[in-house]
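Next comes final-v5.txt, a file with compact mmCIF, C-alpha atoms and all ligand atoms.
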```
# COMPACT_ATOMS: atom_id res chain seq x y z
CA MET A 80 14.46 46.43 -16.11
CA TYR A 81 18.14 46.60 -15.15
CA GLY A 82 18.89 45.23 -11.70
CA LEU A 83 15.62 43.30 -11.35
CA GLY A 84 17.50 40.02 -10.87
CA VAL A 85 19.66 41.57 -8.15
CA LEU A 86 16.56 42.89 -6.37
CA LYS A 87 14.88 39.48 -6.58
CA GLY A 88 17.99 37.83 -5.08
CA LEU A 89 18.12 40.38 -2.27
CA GLY A 90 14.40 39.77 -1.65
CA ILE A 91 15.07 36.06 -1.10
CA THR A 92 17.94 36.86 1.28
CA LEU A 93 15.68 39.27 3.16
CA LYS A 94 12.90 36.65 3.34
CA HIS A 95 15.29 34.15 4.94
CA PHE A 96 16.57 36.84 7.29
CA PHE A 97 13.09 37.64 8.62
CA ARG A 98 12.04 33.98 8.71
CA THR A 99 14.93 33.33 11.09
CA PHE A 100 13.25 35.59 13.65
CA SER A 101 9.65 34.60 12.92
CA ASP A 102 10.65 30.93 13.31
CA GLU A 103 12.30 31.75 16.62
CA VAL A 104 9.04 33.37 17.83
CA LYS A 105 6.94 30.46 16.49
CA TRP A 106 8.92 27.91 18.49
CA SER A 107 9.36 30.06 21.62
CA ALA A 108 6.00 28.95 23.04
CA LYS A 109 7.10 25.33 22.67
CA GLY A 110 10.49 25.77 24.33
CA GLY A 111 12.54 27.24 21.47
CA ARG A 112 13.70 25.90 18.17
CA TYR A 113 16.97 24.55 19.61
CA TYR A 114 17.12 21.61 22.03
CA ASN A 115 13.52 20.69 21.38
CA ASP A 116 12.79 17.34 19.71
CA ASP A 117 9.78 18.56 17.69
CA ALA A 118 11.62 21.67 16.44
CA LEU A 119 14.70 19.57 15.76
CA ALA A 120 12.70 17.22 13.52
CA VAL A 121 11.43 20.22 11.50
CA ARG A 122 14.85 21.90 11.36
CA GLN A 123 16.47 18.72 10.08
CA SER A 124 13.86 18.29 7.37
CA LEU A 125 13.34 20.24 4.16
CA LYS A 126 10.58 22.22 5.94
CA THR A 127 13.09 24.30 7.87
CA GLU A 128 12.78 28.09 7.67
CA GLY A 129 15.27 30.92 8.06
CA ALA A 130 18.93 30.59 8.97
CA ILE A 131 19.80 27.94 11.53
CA THR A 132 22.96 26.53 13.04
CA VAL A 133 23.32 22.79 12.57
CA MET A 134 25.29 21.13 15.36
CA TYR A 135 27.09 18.71 13.04
CA PRO A 136 27.92 15.83 13.50
CA GLU A 137 25.36 15.32 16.26
CA GLU A 138 22.72 16.88 14.01
CA LYS A 139 22.40 16.39 10.29
CA LEU A 140 20.17 17.96 7.69
CA GLU A 141 18.21 15.73 5.35
CA ALA A 142 19.68 15.86 1.83
CA PRO A 143 17.30 16.88 -0.96
CA GLU A 144 16.66 14.25 -3.63
CA ARG A 145 18.83 15.99 -6.19
CA PHE A 146 21.79 16.38 -3.85
CA ARG A 147 24.81 14.63 -5.37
CA PHE A 148 28.06 13.45 -3.91
CA VAL A 149 30.28 10.67 -5.28
CA PRO A 150 28.66 8.10 -7.59
CA PHE A 151 27.66 4.53 -6.75
CA LEU A 152 26.82 1.54 -8.93
CA VAL A 153 23.33 0.10 -8.97
CA MET A 154 22.73 -3.62 -8.58
CA ASP A 155 19.61 -5.71 -8.05
CA ASP A 156 18.64 -6.33 -4.46
CA PRO A 157 20.62 -9.40 -3.33
CA ALA A 158 18.65 -12.63 -3.04
CA THR A 159 18.31 -14.08 0.47
CA GLY A 160 21.67 -15.34 1.67
CA GLN A 161 23.57 -13.54 -1.13
CA LYS A 162 25.96 -10.63 -0.59
CA ALA A 163 25.42 -8.98 -3.97
CA GLY A 164 22.76 -8.77 -6.66
CA LYS A 165 23.17 -8.59 -10.43
CA ASP A 166 25.06 -5.53 -11.68
CA TRP A 167 23.12 -3.12 -13.87
CA CYS A 168 26.38 -1.89 -15.40
CA THR A 169 27.22 -3.44 -18.76
CA SER A 170 30.77 -1.97 -18.75
CA CYS A 171 29.96 -0.02 -21.92
CA GLY A 172 32.47 2.62 -20.83
CA ILE A 173 30.38 5.70 -21.64
CA CYS A 174 30.68 7.08 -18.10
CA ALA A 175 34.48 6.76 -18.22
CA LYS A 176 34.54 8.58 -21.55
CA VAL A 177 32.38 11.53 -20.45
CA CYS A 178 33.94 11.94 -16.98
CA PRO A 179 35.68 15.35 -17.22
CA PRO A 180 38.56 14.63 -14.80
CA GLN A 181 38.86 11.01 -16.07
CA CYS A 182 38.61 9.37 -12.66
CA ILE A 183 36.72 6.21 -13.70
CA TRP A 184 38.54 2.98 -14.62
CA ILE A 185 36.60 -0.06 -15.75
CA GLU A 186 37.97 -3.57 -15.96
CA ARG A 187 35.70 -5.36 -18.42
CA GLY A 188 34.62 -8.94 -17.88
CA LYS A 189 35.41 -11.63 -20.47
CA LEU A 190 33.44 -14.69 -21.54
CA PRO A 191 35.27 -18.06 -21.65
CA ASN A 192 35.63 -17.61 -25.44
CA GLY A 193 37.48 -14.33 -24.86
CA ARG A 194 34.65 -12.09 -26.05
CA PRO A 195 33.63 -9.15 -23.81
CA LYS A 196 31.11 -9.91 -21.08
CA PRO A 197 28.50 -7.17 -20.53
CA GLU A 198 29.39 -6.66 -16.89
CA PRO A 199 32.42 -5.16 -15.15
CA LEU A 200 35.01 -7.40 -13.55
CA ASN A 201 35.98 -4.37 -11.53
CA PHE A 202 35.11 -0.70 -11.49
CA TYR A 203 37.16 2.02 -9.83
CA ILE A 204 36.46 5.67 -9.06
CA ASP A 205 39.12 7.91 -7.56
CA ILE A 206 36.90 9.93 -5.26
CA ASP A 207 39.64 12.51 -4.60
CA ILE A 208 39.48 13.46 -8.26
CA CYS A 209 35.71 13.12 -8.76
CA MET A 210 34.17 16.59 -8.87
CA ASN A 211 30.58 15.38 -8.27
CA CYS A 212 29.40 16.74 -11.60
CA GLY A 213 26.99 13.85 -12.19
CA TYR A 214 27.83 13.46 -15.90
CA CYS A 215 28.41 9.72 -15.46
CA ALA A 216 24.87 9.31 -14.06
CA GLU A 217 23.36 11.58 -16.72
CA PHE A 218 24.94 9.73 -19.63
CA CYS A 219 24.64 6.11 -18.45
CA PRO A 220 22.15 4.45 -20.84
CA PHE A 221 21.32 1.74 -18.29
CA ASP A 222 20.61 3.86 -15.15
CA ALA A 223 23.48 1.90 -13.61
CA ILE A 224 25.37 4.70 -11.92
CA LYS A 225 23.82 7.20 -9.53
CA MET A 226 24.94 10.08 -7.38
CA ASP A 227 25.06 9.18 -3.69
CA HIS A 228 24.00 11.23 -0.68
CA ASP A 229 26.68 9.78 1.57
CA PHE A 230 29.19 12.60 2.12
CA GLU A 231 30.85 11.22 5.26
CA ILE A 232 33.73 9.50 3.49
CA ALA A 233 36.75 11.43 4.75
CA SER A 234 39.66 9.34 6.01
CA TYR A 235 43.33 9.68 6.92
CA ASP A 236 44.35 7.23 4.19
CA ARG A 237 44.69 9.02 0.86
CA SER A 238 45.56 5.94 -1.16
CA ALA A 239 43.47 2.77 -1.18
CA ALA A 240 40.58 4.16 0.88
CA HIS A 241 39.93 6.87 -1.69
CA ILE A 242 39.90 4.57 -4.69
CA HIS A 243 36.45 3.03 -4.46
CA ASP A 244 36.27 -0.38 -6.11
CA LYS A 245 33.25 -2.28 -7.40
CA GLU A 246 32.50 -3.84 -4.03
CA ARG A 247 32.59 -0.46 -2.30
CA LEU A 248 30.65 1.27 -5.08
CA SER A 249 27.83 -1.26 -5.50
CA LYS A 250 24.55 -0.58 -3.74
CA PRO A 251 21.13 -2.22 -4.24
CA ILE A 252 18.36 -0.49 -6.19
CA SER A 253 16.31 -0.34 -2.97
CA TYR A 254 18.94 2.08 -1.59
CA TRP A 255 18.44 4.40 -4.60
CA ARG A 256 14.67 4.21 -4.09
CA SER A 257 15.14 5.17 -0.44
CA ILE A 258 17.28 8.28 -1.10
CA ALA A 259 15.56 9.48 -4.29
CA PRO A 260 12.03 8.01 -4.35
CA GLY A 261 10.62 10.49 -6.89
CA ARG A 262 13.46 10.11 -9.39
CA ALA A 263 13.60 6.33 -8.98
CA ALA A 264 9.85 6.11 -9.70
CA ASP A 265 10.18 8.34 -12.82
CA GLU A 266 13.05 6.21 -14.12
CA GLU A 267 11.12 3.01 -13.44
CA GLN A 268 8.16 4.39 -15.41
CA ALA A 269 10.42 5.43 -18.30
CA ARG A 270 11.96 1.94 -18.39
CA ILE A 271 8.52 0.29 -18.48
CA GLU A 272 7.44 2.57 -21.35
CA GLU A 273 10.65 1.83 -23.24
CA GLU A 274 10.12 -1.92 -22.82
CA GLU A 275 6.53 -1.58 -24.07
CA LYS A 276 7.76 0.30 -27.15
CA LYS A 277 10.32 -2.43 -27.89
CA LYS A 278 7.69 -5.15 -27.53
CA LYS A 279 5.31 -3.31 -29.87
CA LYS A 280 8.08 -2.87 -32.44
CA LYS A 281 8.85 -6.60 -32.30
CA ARG A 282 5.20 -7.54 -32.83
CA LYS A 283 5.00 -5.42 -36.01
S1 LIG A 301 27.93 2.66 -15.34
FE1 LIG A 301 26.62 2.91 -17.15
S2 LIG A 301 27.80 4.16 -18.56
FE2 LIG A 301 29.25 3.37 -17.04
S3 LIG A 301 30.05 1.53 -17.95
FE3 LIG A 301 28.33 0.93 -16.66
S4 LIG A 301 26.56 0.87 -18.05
FE4 LIG A 301 28.19 2.02 -19.10
S1 LIG A 302 30.51 12.65 -10.96
FE1 LIG A 302 31.64 13.62 -12.67
S2 LIG A 302 33.75 13.60 -11.99
FE2 LIG A 302 32.67 12.17 -10.68
S3 LIG A 302 32.94 10.18 -11.65
FE3 LIG A 302 31.01 11.04 -12.43
S4 LIG A 302 31.56 12.10 -14.32
FE4 LIG A 302 33.45 11.76 -13.17
```

Would you kindly transcribe this structure into structure tokens?
Amino acid sequence: MYGLGVLKGLGITLKHFFRTFSDEVKWSAKGGRYYNDDALAVRQSLKTEGAITVMYPEEKLEAPERFRFVPFLVMDDPATGQKAGKDWCTSCGICAKVCPPQCIWIERGKLPNGRPKPEPLNFYIDIDICMNCGYCAEFCPFDAIKMDHDFEIASYDRSAAHIHDKERLSKPISYWRSIAPGRAADEEQARIEEEEKKKKKKRK
């Protein structure tokens, strides 16, 4: 039927419109949905209903797992006393190739014999150019680049501060597990299955 999609869309808008008022009534007995710690906890979670005003930056909404901002590089959790863990990136360059606005630069590492080392010496992303498409993360064969939830990166310095280098980009795997637990677990499972397949193939 023509126009069914439009009607469905309007229905969702209408649902949110009415939920705004029903939520208001629901919280009125407990002191209102604003300036009330319990209501605030619900409003700032994914359980929120209806339209609400978020008093940013004092209040912040929780980002859904699939929210994506600029990418970061995954490394192992640093050992005790260490600043950084082992990089997952092998500097294969696929992310730089698929990046539509070409804002990734990779400086490849070299072994003492001059051959390429499978880890980046440095890795740069111009975050002013990055359009948060997530292609780099989708195409990375090593799960080594992920889309971050940290969107508070504005600054008055448009040069160096907006070119994120390897040190700035690298975050431990535990951070990825904390912001995207479901996806991290799925990826972990897929990696285990892949390893099992490889082992079986070797045994044959
Ligand atoms: S982040 Fe992934 S795709 Fe990009 S160079 Fe490193 S391993 Fe390759
Ligand atoms: S998110 Fe998109 S634009 Fe940004 S670095 Fe990755 S591929 Fe490039």

Give one line per residue of chain A that approaches ligand LIG 301 (chain A) to at most 12 Å, naming the two atoms of the closest pair and their distance in Å to one decimal, counting all atoms listed in the file; sort by chain then ascending residue number and deliver it as JSON lines.
```
{"residue": "A:Pro150", "atom": "CA", "partner": "A:LIG301", "partner_atom": "S1", "distance": 9.5}
{"residue": "A:Phe151", "atom": "CA", "partner": "A:LIG301", "partner_atom": "S1", "distance": 8.8}
{"residue": "A:Leu152", "atom": "CA", "partner": "A:LIG301", "partner_atom": "S1", "distance": 6.6}
{"residue": "A:Val153", "atom": "CA", "partner": "A:LIG301", "partner_atom": "S1", "distance": 8.3}
{"residue": "A:Met154", "atom": "CA", "partner": "A:LIG301", "partner_atom": "S1", "distance": 10.6}
{"residue": "A:Asp166", "atom": "CA", "partner": "A:LIG301", "partner_atom": "FE3", "distance": 8.8}
{"residue": "A:Trp167", "atom": "CA", "partner": "A:LIG301", "partner_atom": "S4", "distance": 6.7}
{"residue": "A:Cys168", "atom": "CA", "partner": "A:LIG301", "partner_atom": "FE3", "distance": 3.7}
{"residue": "A:Thr169", "atom": "CA", "partner": "A:LIG301", "partner_atom": "S4", "distance": 4.4}
{"residue": "A:Ser170", "atom": "CA", "partner": "A:LIG301", "partner_atom": "S3", "distance": 3.7}
{"residue": "A:Cys171", "atom": "CA", "partner": "A:LIG301", "partner_atom": "FE4", "distance": 3.9}
{"residue": "A:Gly172", "atom": "CA", "partner": "A:LIG301", "partner_atom": "S3", "distance": 3.9}
{"residue": "A:Ile173", "atom": "CA", "partner": "A:LIG301", "partner_atom": "S2", "distance": 4.3}
{"residue": "A:Cys174", "atom": "CA", "partner": "A:LIG301", "partner_atom": "FE2", "distance": 4.1}
{"residue": "A:Ala175", "atom": "CA", "partner": "A:LIG301", "partner_atom": "FE2", "distance": 6.3}
{"residue": "A:Lys176", "atom": "CA", "partner": "A:LIG301", "partner_atom": "S2", "distance": 8.6}
{"residue": "A:Val177", "atom": "CA", "partner": "A:LIG301", "partner_atom": "S2", "distance": 8.9}
{"residue": "A:Cys178", "atom": "CA", "partner": "A:LIG301", "partner_atom": "FE2", "distance": 9.8}
{"residue": "A:Cys182", "atom": "CA", "partner": "A:LIG301", "partner_atom": "FE2", "distance": 11.9}
{"residue": "A:Ile183", "atom": "CA", "partner": "A:LIG301", "partner_atom": "FE2", "distance": 8.7}
{"residue": "A:Trp184", "atom": "CA", "partner": "A:LIG301", "partner_atom": "S3", "distance": 9.2}
{"residue": "A:Ile185", "atom": "CA", "partner": "A:LIG301", "partner_atom": "S3", "distance": 7.1}
{"residue": "A:Glu186", "atom": "CA", "partner": "A:LIG301", "partner_atom": "S3", "distance": 9.6}
{"residue": "A:Arg187", "atom": "CA", "partner": "A:LIG301", "partner_atom": "S3", "distance": 8.9}
{"residue": "A:Gly188", "atom": "CA", "partner": "A:LIG301", "partner_atom": "S3", "distance": 11.4}
{"residue": "A:Lys196", "atom": "CA", "partner": "A:LIG301", "partner_atom": "S3", "distance": 11.9}
{"residue": "A:Pro197", "atom": "CA", "partner": "A:LIG301", "partner_atom": "S4", "distance": 8.6}
{"residue": "A:Glu198", "atom": "CA", "partner": "A:LIG301", "partner_atom": "FE3", "distance": 7.7}
{"residue": "A:Pro199", "atom": "CA", "partner": "A:LIG301", "partner_atom": "FE3", "distance": 7.5}
{"residue": "A:Leu200", "atom": "CA", "partner": "A:LIG301", "partner_atom": "FE3", "distance": 11.1}
{"residue": "A:Asn201", "atom": "CA", "partner": "A:LIG301", "partner_atom": "S3", "distance": 10.5}
{"residue": "A:Phe202", "atom": "CA", "partner": "A:LIG301", "partner_atom": "S3", "distance": 8.5}
{"residue": "A:Tyr203", "atom": "CA", "partner": "A:LIG301", "partner_atom": "S1", "distance": 10.8}
{"residue": "A:Ile204", "atom": "CA", "partner": "A:LIG301", "partner_atom": "FE2", "distance": 11.0}
{"residue": "A:Gly213", "atom": "CA", "partner": "A:LIG301", "partner_atom": "S2", "distance": 11.6}
{"residue": "A:Tyr214", "atom": "CA", "partner": "A:LIG301", "partner_atom": "S2", "distance": 9.7}
{"residue": "A:Cys215", "atom": "CA", "partner": "A:LIG301", "partner_atom": "S2", "distance": 6.4}
{"residue": "A:Ala216", "atom": "CA", "partner": "A:LIG301", "partner_atom": "FE1", "distance": 7.3}
{"residue": "A:Glu217", "atom": "CA", "partner": "A:LIG301", "partner_atom": "S2", "distance": 8.8}
{"residue": "A:Phe218", "atom": "CA", "partner": "A:LIG301", "partner_atom": "S2", "distance": 6.4}
{"residue": "A:Cys219", "atom": "CA", "partner": "A:LIG301", "partner_atom": "S2", "distance": 3.7}
{"residue": "A:Pro220", "atom": "CA", "partner": "A:LIG301", "partner_atom": "FE1", "distance": 6.0}
{"residue": "A:Phe221", "atom": "CA", "partner": "A:LIG301", "partner_atom": "S4", "distance": 5.3}
{"residue": "A:Asp222", "atom": "CA", "partner": "A:LIG301", "partner_atom": "FE1", "distance": 6.4}
{"residue": "A:Ala223", "atom": "CA", "partner": "A:LIG301", "partner_atom": "S1", "distance": 4.8}
{"residue": "A:Ile224", "atom": "CA", "partner": "A:LIG301", "partner_atom": "S1", "distance": 4.7}
{"residue": "A:Lys225", "atom": "CA", "partner": "A:LIG301", "partner_atom": "S1", "distance": 8.4}
{"residue": "A:Met226", "atom": "CA", "partner": "A:LIG301", "partner_atom": "S1", "distance": 11.3}
{"residue": "A:Lys245", "atom": "CA", "partner": "A:LIG301", "partner_atom": "S1", "distance": 10.8}
{"residue": "A:Leu248", "atom": "CA", "partner": "A:LIG301", "partner_atom": "S1", "distance": 10.7}
{"residue": "A:Ser249", "atom": "CA", "partner": "A:LIG301", "partner_atom": "S1", "distance": 10.6}
```

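Atom to atom, atom CA of Glu128 of chain A and atom CA of Phe230 of chain A stand 23.2 Å apart.
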
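In this structure, atom CA of Lys277 of chain A sits 27.5 Å away from atom CA of Pro157 of chain A.
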
Out of A:Val149, A:Glu246, A:Ser257, A:Lys162, which residue has the shortest atom-to-atom distance to Cys209 of chain A when counting all atoms listed in the file?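 Comparing A:Val149, A:Glu246, A:Ser257, A:Lys162 against Cys209 of chain A, the winner is A:Val149.
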
Among the residues A:Pro143, A:Asp102, A:Gly110, A:Asp155, the one that comes closest to Gly129 of chain A [using only C-alpha atoms]: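 Comparing A:Pro143, A:Asp102, A:Gly110, A:Asp155 against Gly129 of chain A, the winner is A:Asp102.
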
Can you pull out every residue within 10 Å of Tyr254 of chain A, counting all atoms listed in the file, but drop anything in the same chain fewer than 2 positions away, and send it as a PDB file with C-alpha atoms, in the coordinates of the input?
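What follows is the written file around22.pdb:
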```pdb
ATOM      1  CA  VAL A 153      23.330   0.100  -8.970  1.00  0.00           C
ATOM      2  CA  MET A 154      22.730  -3.620  -8.580  1.00  0.00           C
ATOM      3  CA  ASP A 156      18.640  -6.330  -4.460  1.00  0.00           C
ATOM      4  CA  ASP A 227      25.060   9.180  -3.690  1.00  0.00           C
ATOM      5  CA  LYS A 250      24.550  -0.580  -3.740  1.00  0.00           C
ATOM      6  CA  PRO A 251      21.130  -2.220  -4.240  1.00  0.00           C
ATOM      7  CA  ILE A 252      18.360  -0.490  -6.190  1.00  0.00           C
ATOM      8  CA  ARG A 256      14.670   4.210  -4.090  1.00  0.00           C
ATOM      9  CA  SER A 257      15.140   5.170  -0.440  1.00  0.00           C
ATOM     10  CA  ILE A 258      17.280   8.280  -1.100  1.00  0.00           C
ATOM     11  CA  ALA A 259      15.560   9.480  -4.290  1.00  0.00           C
ATOM     12  CA  PRO A 260      12.030   8.010  -4.350  1.00  0.00           C
TER      13      PRO A 260
END
```

Could you pull the residues within 12 Å of Leu119 of chain A, counting all atoms listed in the file, minus those fewer than 3 positions along the same chain, as a list in words? Trp106, Lys109, Gly110, Gly111, Arg112, Tyr113, Tyr114, Asn115, Asp116, Arg122, Gln123, Ser124, Leu125, Lys126, Thr127, Glu128, Ile131, Thr132, Val133, Met134, Glu137, Glu138, Lys139, Leu140 and Glu141 of chain A

For a quick check of understanding, using all atoms listed in the file, which of A:Ala233, A:Ala240, A:Cys212, A:Ala263 has the smallest distance to ligand LIG 302 (chain A)? A:Cys212

So which one's closest to ligand LIG 302 (chain A), A:Tyr235, A:Ile242, A:Gly82, A:Thr99? Using only C-alpha atoms and all ligand atoms, please.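 Going through A:Tyr235, A:Ile242, A:Gly82, A:Thr99 one by one, the smallest distance to ligand LIG 302 (chain A) is for A:Ile242.
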
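What separates atom CA of Asp207 of chain A from atom CA of His241 of chain A is a distance of 6.4 Å.
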
Pick from A:Thr159, A:Asn211, A:Gln268, A:Ser101: nearest to ligand LIG 302 (chain A), with only C-alpha atoms and all ligand atoms counted?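 When distances to ligand LIG 302 (chain A) are compared using only C-alpha atoms and all ligand atoms, the smallest one comes from A:Asn211.
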
To box ligand LIG 302 (chain A), take all atoms listed in the file, fit an axis-aligned box, add 3 Å on each side, and give centre and edge lengths in Å to one decimal, as lines of an AutoDock Vina configuration file.
```
center_x = 32.1
center_y = 11.9
center_z = -12.5
size_x = 9.2
size_y = 9.4
size_z = 9.6
```

Reconstruct all heavy atoms of segment 99-109 of chain A; output as an mmCIF file, in the coordinates of the input.
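Output file selection-v6.cif follows:
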```
data_model
loop_
_atom_site.group_PDB
_atom_site.id
_atom_site.type_symbol
_atom_site.label_atom_id
_atom_site.label_comp_id
_atom_site.auth_asym_id
_atom_site.auth_seq_id
_atom_site.Cartn_x
_atom_site.Cartn_y
_atom_site.Cartn_z
ATOM 1 N N THR A 99 14.107 33.780 9.961
ATOM 2 C CA THR A 99 14.930 33.330 11.090
ATOM 3 C C THR A 99 14.290 33.786 12.397
ATOM 4 O O THR A 99 14.181 33.020 13.352
ATOM 5 C CB THR A 99 16.356 33.923 10.959
ATOM 6 O OG1 THR A 99 16.869 33.547 9.710
ATOM 7 C CG2 THR A 99 17.268 33.460 12.074
ATOM 8 N N PHE A 100 13.835 35.052 12.421
ATOM 9 C CA PHE A 100 13.250 35.590 13.650
ATOM 10 C C PHE A 100 11.815 35.117 13.860
ATOM 11 O O PHE A 100 11.413 34.794 14.969
ATOM 12 C CB PHE A 100 13.315 37.130 13.629
ATOM 13 C CG PHE A 100 14.739 37.615 13.619
ATOM 14 C CD1 PHE A 100 15.323 38.042 12.441
ATOM 15 C CD2 PHE A 100 15.504 37.572 14.776
ATOM 16 C CE1 PHE A 100 16.653 38.448 12.423
ATOM 17 C CE2 PHE A 100 16.839 37.975 14.757
ATOM 18 C CZ PHE A 100 17.404 38.418 13.583
ATOM 19 N N SER A 101 11.046 35.038 12.747
ATOM 20 C CA SER A 101 9.650 34.600 12.920
ATOM 21 C C SER A 101 9.627 33.130 13.376
ATOM 22 O O SER A 101 8.793 32.740 14.176
ATOM 23 C CB SER A 101 8.856 34.792 11.625
ATOM 24 O OG SER A 101 9.383 33.977 10.609
ATOM 25 N N ASP A 102 10.588 32.343 12.893
ATOM 26 C CA ASP A 102 10.650 30.930 13.310
ATOM 27 C C ASP A 102 11.000 30.829 14.791
ATOM 28 O O ASP A 102 10.466 30.004 15.513
ATOM 29 C CB ASP A 102 11.715 30.217 12.452
ATOM 30 C CG ASP A 102 11.460 28.730 12.378
ATOM 31 O OD1 ASP A 102 10.291 28.345 12.249
ATOM 32 O OD2 ASP A 102 12.427 27.950 12.455
ATOM 33 N N GLU A 103 11.881 31.693 15.208
ATOM 34 C CA GLU A 103 12.300 31.750 16.620
ATOM 35 C C GLU A 103 11.072 32.022 17.500
ATOM 36 O O GLU A 103 10.857 31.353 18.509
ATOM 37 C CB GLU A 103 13.311 32.902 16.758
ATOM 38 C CG GLU A 103 14.145 32.858 18.012
ATOM 39 C CD GLU A 103 15.273 31.849 17.926
ATOM 40 O OE1 GLU A 103 16.107 31.979 17.023
ATOM 41 O OE2 GLU A 103 15.290 30.950 18.769
ATOM 42 N N VAL A 104 10.245 32.995 17.068
ATOM 43 C CA VAL A 104 9.040 33.370 17.830
ATOM 44 C C VAL A 104 8.052 32.198 17.822
ATOM 45 O O VAL A 104 7.462 31.836 18.852
ATOM 46 C CB VAL A 104 8.384 34.639 17.222
ATOM 47 C CG1 VAL A 104 7.050 34.946 17.881
ATOM 48 C CG2 VAL A 104 9.334 35.827 17.334
ATOM 49 N N LYS A 105 7.897 31.577 16.636
ATOM 50 C CA LYS A 105 6.940 30.460 16.490
ATOM 51 C C LYS A 105 7.247 29.342 17.473
ATOM 52 O O LYS A 105 6.352 28.769 18.085
ATOM 53 C CB LYS A 105 7.021 29.954 15.042
ATOM 54 C CG LYS A 105 5.847 29.088 14.639
ATOM 55 C CD LYS A 105 5.848 28.838 13.151
ATOM 56 C CE LYS A 105 6.698 27.649 12.774
ATOM 57 N NZ LYS A 105 6.855 27.499 11.319
ATOM 58 N N TRP A 106 8.545 29.030 17.628
ATOM 59 C CA TRP A 106 8.920 27.910 18.490
ATOM 60 C C TRP A 106 9.092 28.311 19.957
ATOM 61 O O TRP A 106 9.222 27.441 20.818
ATOM 62 C CB TRP A 106 10.208 27.260 17.978
ATOM 63 C CG TRP A 106 9.971 26.442 16.759
ATOM 64 C CD1 TRP A 106 10.303 26.768 15.484
ATOM 65 C CD2 TRP A 106 9.325 25.172 16.677
ATOM 66 N NE1 TRP A 106 9.908 25.789 14.608
ATOM 67 C CE2 TRP A 106 9.304 24.791 15.316
ATOM 68 C CE3 TRP A 106 8.749 24.308 17.619
ATOM 69 C CZ2 TRP A 106 8.736 23.604 14.874
ATOM 70 C CZ3 TRP A 106 8.192 23.113 17.180
ATOM 71 C CH2 TRP A 106 8.189 22.779 15.821
ATOM 72 N N SER A 107 9.074 29.629 20.238
ATOM 73 C CA SER A 107 9.360 30.060 21.620
ATOM 74 C C SER A 107 8.319 29.516 22.597
ATOM 75 O O SER A 107 8.651 29.130 23.715
ATOM 76 C CB SER A 107 9.449 31.586 21.692
ATOM 77 O OG SER A 107 8.201 32.130 21.325
ATOM 78 N N ALA A 108 7.044 29.464 22.157
ATOM 79 C CA ALA A 108 6.000 28.950 23.040
ATOM 80 C C ALA A 108 6.196 27.471 23.352
ATOM 81 O O ALA A 108 5.733 26.961 24.372
ATOM 82 C CB ALA A 108 4.645 29.172 22.378
ATOM 83 N N LYS A 109 6.899 26.778 22.460
ATOM 84 C CA LYS A 109 7.100 25.330 22.670
ATOM 85 C C LYS A 109 8.510 25.024 23.181
ATOM 86 O O LYS A 109 9.011 23.924 23.009
ATOM 87 C CB LYS A 109 6.842 24.596 21.355
ATOM 88 C CG LYS A 109 5.410 24.702 20.893
ATOM 89 C CD LYS A 109 5.245 24.043 19.548
ATOM 90 C CE LYS A 109 3.867 24.311 18.984
ATOM 91 N NZ LYS A 109 3.774 23.961 17.580
#
```
